[in-house]
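Listing of run_19.pdb; format and content: PDB, C-alpha atoms.
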```pdb
ATOM      1  CA  MET A   1       0.000   0.000   0.000
ATOM      2  CA  ALA A   2       2.802   2.451   0.741
ATOM      3  CA  ILE A   3       4.124   2.282  -2.811
ATOM      4  CA  GLU A   4       0.686   3.029  -4.283
ATOM      5  CA  GLU A   5       0.131   5.959  -1.921
ATOM      6  CA  GLU A   6       3.550   7.375  -2.748
ATOM      7  CA  PHE A   7       2.864   6.981  -6.485
ATOM      8  CA  PHE A   8      -0.460   8.832  -6.260
ATOM      9  CA  GLU A   9       1.082  11.567  -4.106
ATOM     10  CA  ASN A  10       3.878  12.058  -6.659
ATOM     11  CA  LEU A  11       1.327  12.077  -9.476
ATOM     12  CA  ALA A  12      -0.837  14.658  -7.683
ATOM     13  CA  THR A  13       2.242  16.817  -7.003
ATOM     14  CA  TRP A  14       3.297  16.578 -10.658
ATOM     15  CA  PHE A  15      -0.170  17.583 -11.914
ATOM     16  CA  SER A  16      -0.304  20.432  -9.414
ATOM     17  CA  ASP A  17       3.108  21.724 -10.519
ATOM     18  CA  ALA A  18       2.205  21.339 -14.194
ATOM     19  CA  TYR A  19      -1.109  23.140 -13.701
ATOM     20  CA  THR A  20       0.676  26.004 -11.928
ATOM     21  CA  LYS A  21       3.322  26.259 -14.669
ATOM     22  CA  PHE A  22       0.718  26.238 -17.468
ATOM     23  CA  THR A  23      -1.397  28.830 -15.690
ATOM     24  CA  ILE A  24       1.562  31.159 -15.159
ATOM     25  CA  ALA A  25       2.687  30.634 -18.781
ATOM     26  CA  PHE A  26      -0.824  31.472 -20.017
ATOM     27  CA  VAL A  27      -0.941  34.635 -17.897
ATOM     28  CA  ILE A  28       2.505  35.658 -19.216
ATOM     29  CA  LEU A  29       1.279  35.158 -22.787
ATOM     30  CA  LEU A  30      -1.926  37.078 -22.168
ATOM     31  CA  ILE A  31      -0.156  40.033 -20.529
ATOM     32  CA  GLY A  32       2.612  39.997 -23.181
ATOM     33  CA  PHE A  33       0.139  40.080 -26.056
ATOM     34  CA  VAL A  34      -1.871  42.902 -24.472
ATOM     35  CA  ILE A  35       1.305  44.924 -23.832
ATOM     36  CA  GLY A  36       2.512  44.185 -27.379
ATOM     37  CA  LYS A  37      -0.740  45.397 -28.917
ATOM     38  CA  LEU A  38      -0.797  48.553 -26.768
ATOM     39  CA  ALA A  39       2.886  49.300 -27.429
ATOM     40  CA  GLY A  40       2.345  48.913 -31.180
ATOM     41  CA  LYS A  41      -0.574  51.341 -31.107
ATOM     42  CA  LEU A  42       1.456  53.790 -28.998
ATOM     43  CA  VAL A  43       4.403  53.687 -31.401
ATOM     44  CA  ALA A  44       2.072  54.190 -34.377
ATOM     45  CA  LYS A  45       0.456  57.166 -32.673
ATOM     46  CA  VAL A  46       3.798  58.774 -31.752
ATOM     47  CA  LEU A  47       5.163  58.294 -35.270
ATOM     48  CA  ARG A  48       1.941  59.610 -36.814
ATOM     49  CA  LYS A  49       2.209  62.760 -34.684
ATOM     50  CA  ALA A  50       5.854  63.107 -35.752
ATOM     51  CA  GLY A  51       4.660  62.960 -39.373
ATOM     52  CA  ILE A  52       7.205  60.385 -40.547
ATOM     53  CA  ASP A  53       5.031  58.979 -43.353
ATOM     54  CA  THR A  54       3.942  62.441 -44.497
ATOM     55  CA  MET A  55       7.560  63.553 -44.658
ATOM     56  CA  LEU A  56       8.542  60.472 -46.652
ATOM     57  CA  LYS A  57       5.629  60.953 -49.080
ATOM     58  CA  LYS A  58       6.820  64.490 -49.787
ATOM     59  CA  LYS A  59      10.324  63.209 -50.573
ATOM     60  CA  GLY A  60       8.831  60.927 -53.243
ATOM     61  CA  LYS A  61      10.629  57.960 -54.842
ATOM     62  CA  GLY A  62       8.568  55.073 -53.546
ATOM     63  CA  TYR A  63       6.471  55.186 -50.435
ATOM     64  CA  ILE A  64       7.020  52.751 -47.576
ATOM     65  CA  PRO A  65       4.574  52.928 -44.630
ATOM     66  CA  VAL A  66       7.302  53.318 -41.984
ATOM     67  CA  GLU A  67       4.880  54.179 -39.176
ATOM     68  CA  GLN A  68       2.917  50.956 -39.547
ATOM     69  CA  LEU A  69       6.065  48.929 -40.206
ATOM     70  CA  LEU A  70       7.771  50.091 -37.000
ATOM     71  CA  ALA A  71       4.581  49.742 -34.956
ATOM     72  CA  SER A  72       4.158  46.161 -36.184
ATOM     73  CA  ALA A  73       7.825  45.403 -35.494
ATOM     74  CA  VAL A  74       7.472  46.596 -31.878
ATOM     75  CA  SER A  75       4.294  44.526 -31.403
ATOM     76  CA  PHE A  76       5.833  41.376 -32.870
ATOM     77  CA  LEU A  77       9.006  41.793 -30.819
ATOM     78  CA  LEU A  78       6.954  41.983 -27.629
ATOM     79  CA  TYR A  79       4.841  39.006 -28.739
ATOM     80  CA  PHE A  80       8.003  37.009 -29.369
ATOM     81  CA  LEU A  81       9.472  37.964 -25.980
ATOM     82  CA  SER A  82       6.267  36.975 -24.173
ATOM     83  CA  ILE A  83       6.274  33.624 -25.980
ATOM     84  CA  LEU A  84       9.890  33.059 -24.932
ATOM     85  CA  MET A  85       9.045  33.949 -21.334
ATOM     86  CA  ALA A  86       6.071  31.550 -21.358
ATOM     87  CA  LEU A  87       8.213  28.771 -22.833
ATOM     88  CA  ASN A  88      10.862  29.484 -20.212
ATOM     89  CA  GLN A  89       8.192  29.122 -17.520
ATOM     90  CA  LEU A  90       7.363  25.699 -18.988
ATOM     91  CA  GLN A  91      11.108  24.937 -19.159
ATOM     92  CA  ILE A  92      11.026  24.059 -22.870
ATOM     93  CA  THR A  93      12.618  27.204 -24.314
ATOM     94  CA  LEU A  94      15.791  25.522 -25.573
ATOM     95  CA  LEU A  95      13.939  22.664 -27.249
ATOM     96  CA  VAL A  96      11.536  25.002 -29.059
ATOM     97  CA  LEU A  97      14.335  27.325 -30.172
ATOM     98  CA  GLN A  98      16.313  24.364 -31.484
ATOM     99  CA  LEU A  99      13.270  23.158 -33.431
ATOM    100  CA  LEU A 100      12.679  26.648 -34.843
ATOM    101  CA  LEU A 101      16.330  26.947 -35.844
ATOM    102  CA  ALA A 102      16.311  23.515 -37.483
ATOM    103  CA  THR A 103      13.116  24.399 -39.368
ATOM    104  CA  ALA A 104      14.560  27.733 -40.534
ATOM    105  CA  VAL A 105      17.757  26.038 -41.751
ATOM    106  CA  LEU A 106      15.703  23.401 -43.588
ATOM    107  CA  VAL A 107      13.532  26.050 -45.289
ATOM    108  CA  ILE A 108      16.616  28.047 -46.314
ATOM    109  CA  LEU A 109      18.272  24.929 -47.744
ATOM    110  CA  ILE A 110      15.144  24.062 -49.736
ATOM    111  CA  LEU A 111      14.956  27.613 -51.109
ATOM    112  CA  ILE A 112      18.644  27.497 -52.074
ATOM    113  CA  LEU A 113      18.081  24.194 -53.875
ATOM    114  CA  PHE A 114      15.150  25.660 -55.839
ATOM    115  CA  VAL A 115      17.264  28.651 -56.858
ATOM    116  CA  LEU A 116      20.262  26.508 -57.761
ATOM    117  CA  LYS A 117      18.137  24.132 -59.806
ATOM    118  CA  ASP A 118      17.381  26.796 -62.411
ATOM    119  CA  PHE A 119      20.915  28.161 -62.267
ATOM    120  CA  VAL A 120      22.484  24.738 -62.835
ATOM    121  CA  TYR A 121      20.199  23.946 -65.794
ATOM    122  CA  ASN A 122      20.876  27.326 -67.399
ATOM    123  CA  ALA A 123      24.627  27.117 -66.741
ATOM    124  CA  ALA A 124      24.808  23.626 -68.291
ATOM    125  CA  ALA A 125      22.853  24.830 -71.315
ATOM    126  CA  GLY A 126      25.139  27.885 -71.558
ATOM    127  CA  MET A 127      28.189  25.616 -71.644
ATOM    128  CA  GLN A 128      26.557  23.499 -74.351
ATOM    129  CA  LEU A 129      25.839  26.593 -76.436
ATOM    130  CA  TRP A 130      29.401  27.791 -75.892
ATOM    131  CA  LYS A 131      30.864  24.392 -76.921
ATOM    132  CA  ARG A 132      28.733  24.203 -80.071
ATOM    133  CA  LYS A 133      29.866  27.682 -81.105
ATOM    134  CA  SER A 134      26.751  27.953 -83.229
ATOM    135  CA  LEU A 135      25.612  31.134 -81.511
ATOM    136  CA  ARG A 136      28.015  34.071 -81.200
ATOM    137  CA  THR A 137      27.754  37.714 -80.240
ATOM    138  CA  GLY A 138      26.742  39.845 -83.228
ATOM    139  CA  LYS A 139      25.121  36.945 -85.066
ATOM    140  CA  ARG A 140      21.676  37.532 -86.589
ATOM    141  CA  VAL A 141      19.071  34.976 -85.528
ATOM    142  CA  ALA A 142      15.323  34.491 -85.499
ATOM    143  CA  ILE A 143      13.746  32.936 -82.424
ATOM    144  CA  MET A 144      10.108  31.884 -82.737
ATOM    145  CA  GLY A 145       9.915  34.024 -85.860
ATOM    146  CA  VAL A 146      11.282  37.161 -84.157
ATOM    147  CA  PRO A 147      14.466  38.388 -85.862
ATOM    148  CA  GLY A 148      17.239  39.923 -83.814
ATOM    149  CA  THR A 149      20.955  40.175 -83.104
ATOM    150  CA  ILE A 150      22.732  38.383 -80.264
ATOM    151  CA  MET A 151      24.147  41.103 -78.018
ATOM    152  CA  GLN A 152      25.588  38.939 -75.251
ATOM    153  CA  ILE A 153      25.825  35.303 -74.226
ATOM    154  CA  ASN A 154      26.714  34.570 -70.628
ATOM    155  CA  LEU A 155      26.544  31.516 -68.431
ATOM    156  CA  VAL A 156      22.808  31.620 -67.697
ATOM    157  CA  GLU A 157      21.131  33.797 -70.337
ATOM    158  CA  THR A 158      21.435  35.247 -73.812
ATOM    159  CA  LYS A 159      20.583  38.860 -74.583
ATOM    160  CA  ILE A 160      19.080  39.531 -78.024
ATOM    161  CA  ARG A 161      18.112  42.918 -79.530
ATOM    162  CA  THR A 162      15.156  42.673 -81.877
ATOM    163  CA  LYS A 163      14.778  44.770 -85.024
ATOM    164  CA  ALA A 164      12.224  46.867 -83.132
ATOM    165  CA  GLY A 165      14.946  47.695 -80.575
ATOM    166  CA  ASP A 166      13.580  45.578 -77.725
ATOM    167  CA  LEU A 167      15.952  43.563 -75.558
ATOM    168  CA  LEU A 168      15.073  39.920 -74.956
ATOM    169  CA  TYR A 169      16.692  38.036 -72.104
ATOM    170  CA  ILE A 170      16.316  34.341 -72.831
ATOM    171  CA  PRO A 171      17.478  31.714 -70.314
ATOM    172  CA  ASN A 172      20.003  29.407 -71.960
ATOM    173  CA  GLU A 173      17.989  26.303 -71.042
ATOM    174  CA  VAL A 174      14.995  27.713 -72.947
ATOM    175  CA  LEU A 175      17.208  28.820 -75.846
ATOM    176  CA  ARG A 176      18.798  25.359 -76.058
ATOM    177  CA  LYS A 177      15.358  23.765 -76.473
ATOM    178  CA  MET A 178      14.047  26.339 -78.978
ATOM    179  CA  ARG A 179      14.498  26.252 -82.707
ATOM    180  CA  VAL A 180      16.879  29.063 -83.628
ATOM    181  CA  GLU A 181      16.873  30.155 -87.264
ATOM    182  CA  LYS A 182      20.088  31.647 -88.587
TER     183      LYS A 182
END
```
How would this structure read if it were set down as structure tokens?
Amino acid sequence: MAIEEEFFENLATWFSDAYTKFTIAFVILLIGFVIGKLAGKLVAKVLRKAGIDTMLKKKGKGYIPVEQLLASAVSFLLYFLSILMALNQLQITLLVLQLLLATAVLVILILILFVLKDFVYNAAAGMQLWKRKSLRTGKRVAIMGVPGTIMQINLVETKIRTKAGDLLYIPNEVLRKMRVEK
């Protein structure tokens, strides 16, 4: 009987501790999100009174809503900090940060592979075009019935000026597959 009583006491203590930790973590999140929202609105109001966006609009050359951007950045920073504090309360901060870092690295690697895929295909096609020596700078060609002059051939694309004066940038992989009339 003593072992069973001790087990149930330990279980009750564990649930009590877990309930307390989750409650405190929830309160931290709630307070952090409220403070984040209020701080974002305060920053937006202060920047609006300072007239940052109005000043930037007068300068011209592309408008970026700096007031809203900075206000959102402050809010999200406070949200992130409250999430970290809540995770710290639950004692799982390191695990979550490691998972986030691993996910970010995986996403970046996948994006790099997608970018490199097109680059590698175009570079291989560019080397094939260079080896064949059938296309050279200054040569007159017609691609899909559009006549023009090859202005430049580099590793990944070929630049052609049409008779109308337009510049066409054609990826070498596409050019390799197309029928080029000379």
Point to revise | For region 91-95 of chain A: contacts at 12 Å, only C-alpha atoms, fewer than 4 positions along chain excluded, given as a PyMOL selection string | key: chain A and resi 18+21-22+25+80-87+99-102
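Using all atoms listed in the file, the smallest distance between any of A:Arg48, A:Arg136, A:Lys37, A:Lys57 and Gln152 (chain A) comes from A:Arg136.
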Practice item. Figure out the distance between CA of Lys133 (chain A) and CA of Thr162 (chain A), please, to one decimal in Å. Key: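 A separation of 21.0 Å between them.
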Point to revise | Gap from CA of Gln98 (chain A) to CA of Phe76 (chain A) - Å, one decimal | key: 20.0 Å
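As for CA of Gly165 (chain A) and CA of Val146 (chain A), they are spaced 11.7 Å apart.
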Practice item. Name the residues that the PyMOL selection byres ((chain A and resi 164) around 12) pulls out of this structure, and write them as a ChimeraX atom specification. Key: /A:146-149,160-163,165-168
Exercise for review: Give as a list of chain:residue names the residues that the PyMOL selection byres ((chain A and resi 173) around 9) matches when applied to the coordinates above.
Suggested key: A:Asp118, A:Tyr121, A:Asn122, A:Ala123, A:Ala124, A:Ala125, A:Gly126, A:Val156, A:Glu157, A:Ile170, A:Pro171, A:Asn172, A:Val174, A:Leu175, A:Arg176, A:Lys177, A:Met178
**Study point:** Selection result of the PyMOL selection byres ((chain A and resi 62-66) around 12) on this file, as a count of residues only
**Key:** 23
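You can rank A:Ile143, A:Leu97, A:Gln89, A:Leu30 by their closest distance to Tyr169 (chain A) using only C-alpha atoms, and at the top of that list sits A:Ile143.
Distance annotation: of A:Ile31, A:Phe119, A:Ile150, A:Leu90, the residue with the minimal separation from Ser134 (chain A) is A:Ile150; atom set is all atoms listed in the file.
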Working from the structure I just supplied, which lacks atoms in region 10-22 of chain A, can you model N, CA and C atoms there and output them as a compact mmCIF listing (two decimals), in the coordinates of the input?
```txt
# COMPACT_ATOMS: atom_id res chain seq x y z
N ASN A 10 2.96 11.50 -5.65
CA ASN A 10 3.88 12.06 -6.66
C ASN A 10 3.11 12.52 -7.90
N LEU A 11 2.13 11.73 -8.32
CA LEU A 11 1.33 12.08 -9.48
C LEU A 11 0.52 13.35 -9.22
N ALA A 12 -0.07 13.46 -8.04
CA ALA A 12 -0.84 14.66 -7.68
C ALA A 12 0.08 15.88 -7.62
N THR A 13 1.28 15.72 -7.08
CA THR A 13 2.24 16.82 -7.00
C THR A 13 2.66 17.24 -8.41
N TRP A 14 2.89 16.26 -9.29
CA TRP A 14 3.30 16.58 -10.66
C TRP A 14 2.20 17.35 -11.37
N PHE A 15 0.95 16.88 -11.27
CA PHE A 15 -0.17 17.58 -11.91
C PHE A 15 -0.36 18.98 -11.34
N SER A 16 -0.17 19.12 -10.05
CA SER A 16 -0.30 20.43 -9.41
C SER A 16 0.77 21.38 -9.92
N ASP A 17 2.01 20.90 -10.00
CA ASP A 17 3.11 21.72 -10.52
C ASP A 17 2.88 22.08 -11.99
N ALA A 18 2.45 21.10 -12.77
CA ALA A 18 2.20 21.34 -14.19
C ALA A 18 1.08 22.35 -14.38
N TYR A 19 0.01 22.21 -13.61
CA TYR A 19 -1.11 23.14 -13.70
C TYR A 19 -0.65 24.56 -13.36
N THR A 20 0.16 24.69 -12.33
CA THR A 20 0.68 26.00 -11.93
C THR A 20 1.55 26.60 -13.03
N LYS A 21 2.44 25.77 -13.60
CA LYS A 21 3.32 26.26 -14.67
C LYS A 21 2.52 26.70 -15.90
N PHE A 22 1.53 25.89 -16.30
CA PHE A 22 0.72 26.24 -17.47
C PHE A 22 -0.11 27.50 -17.22
```
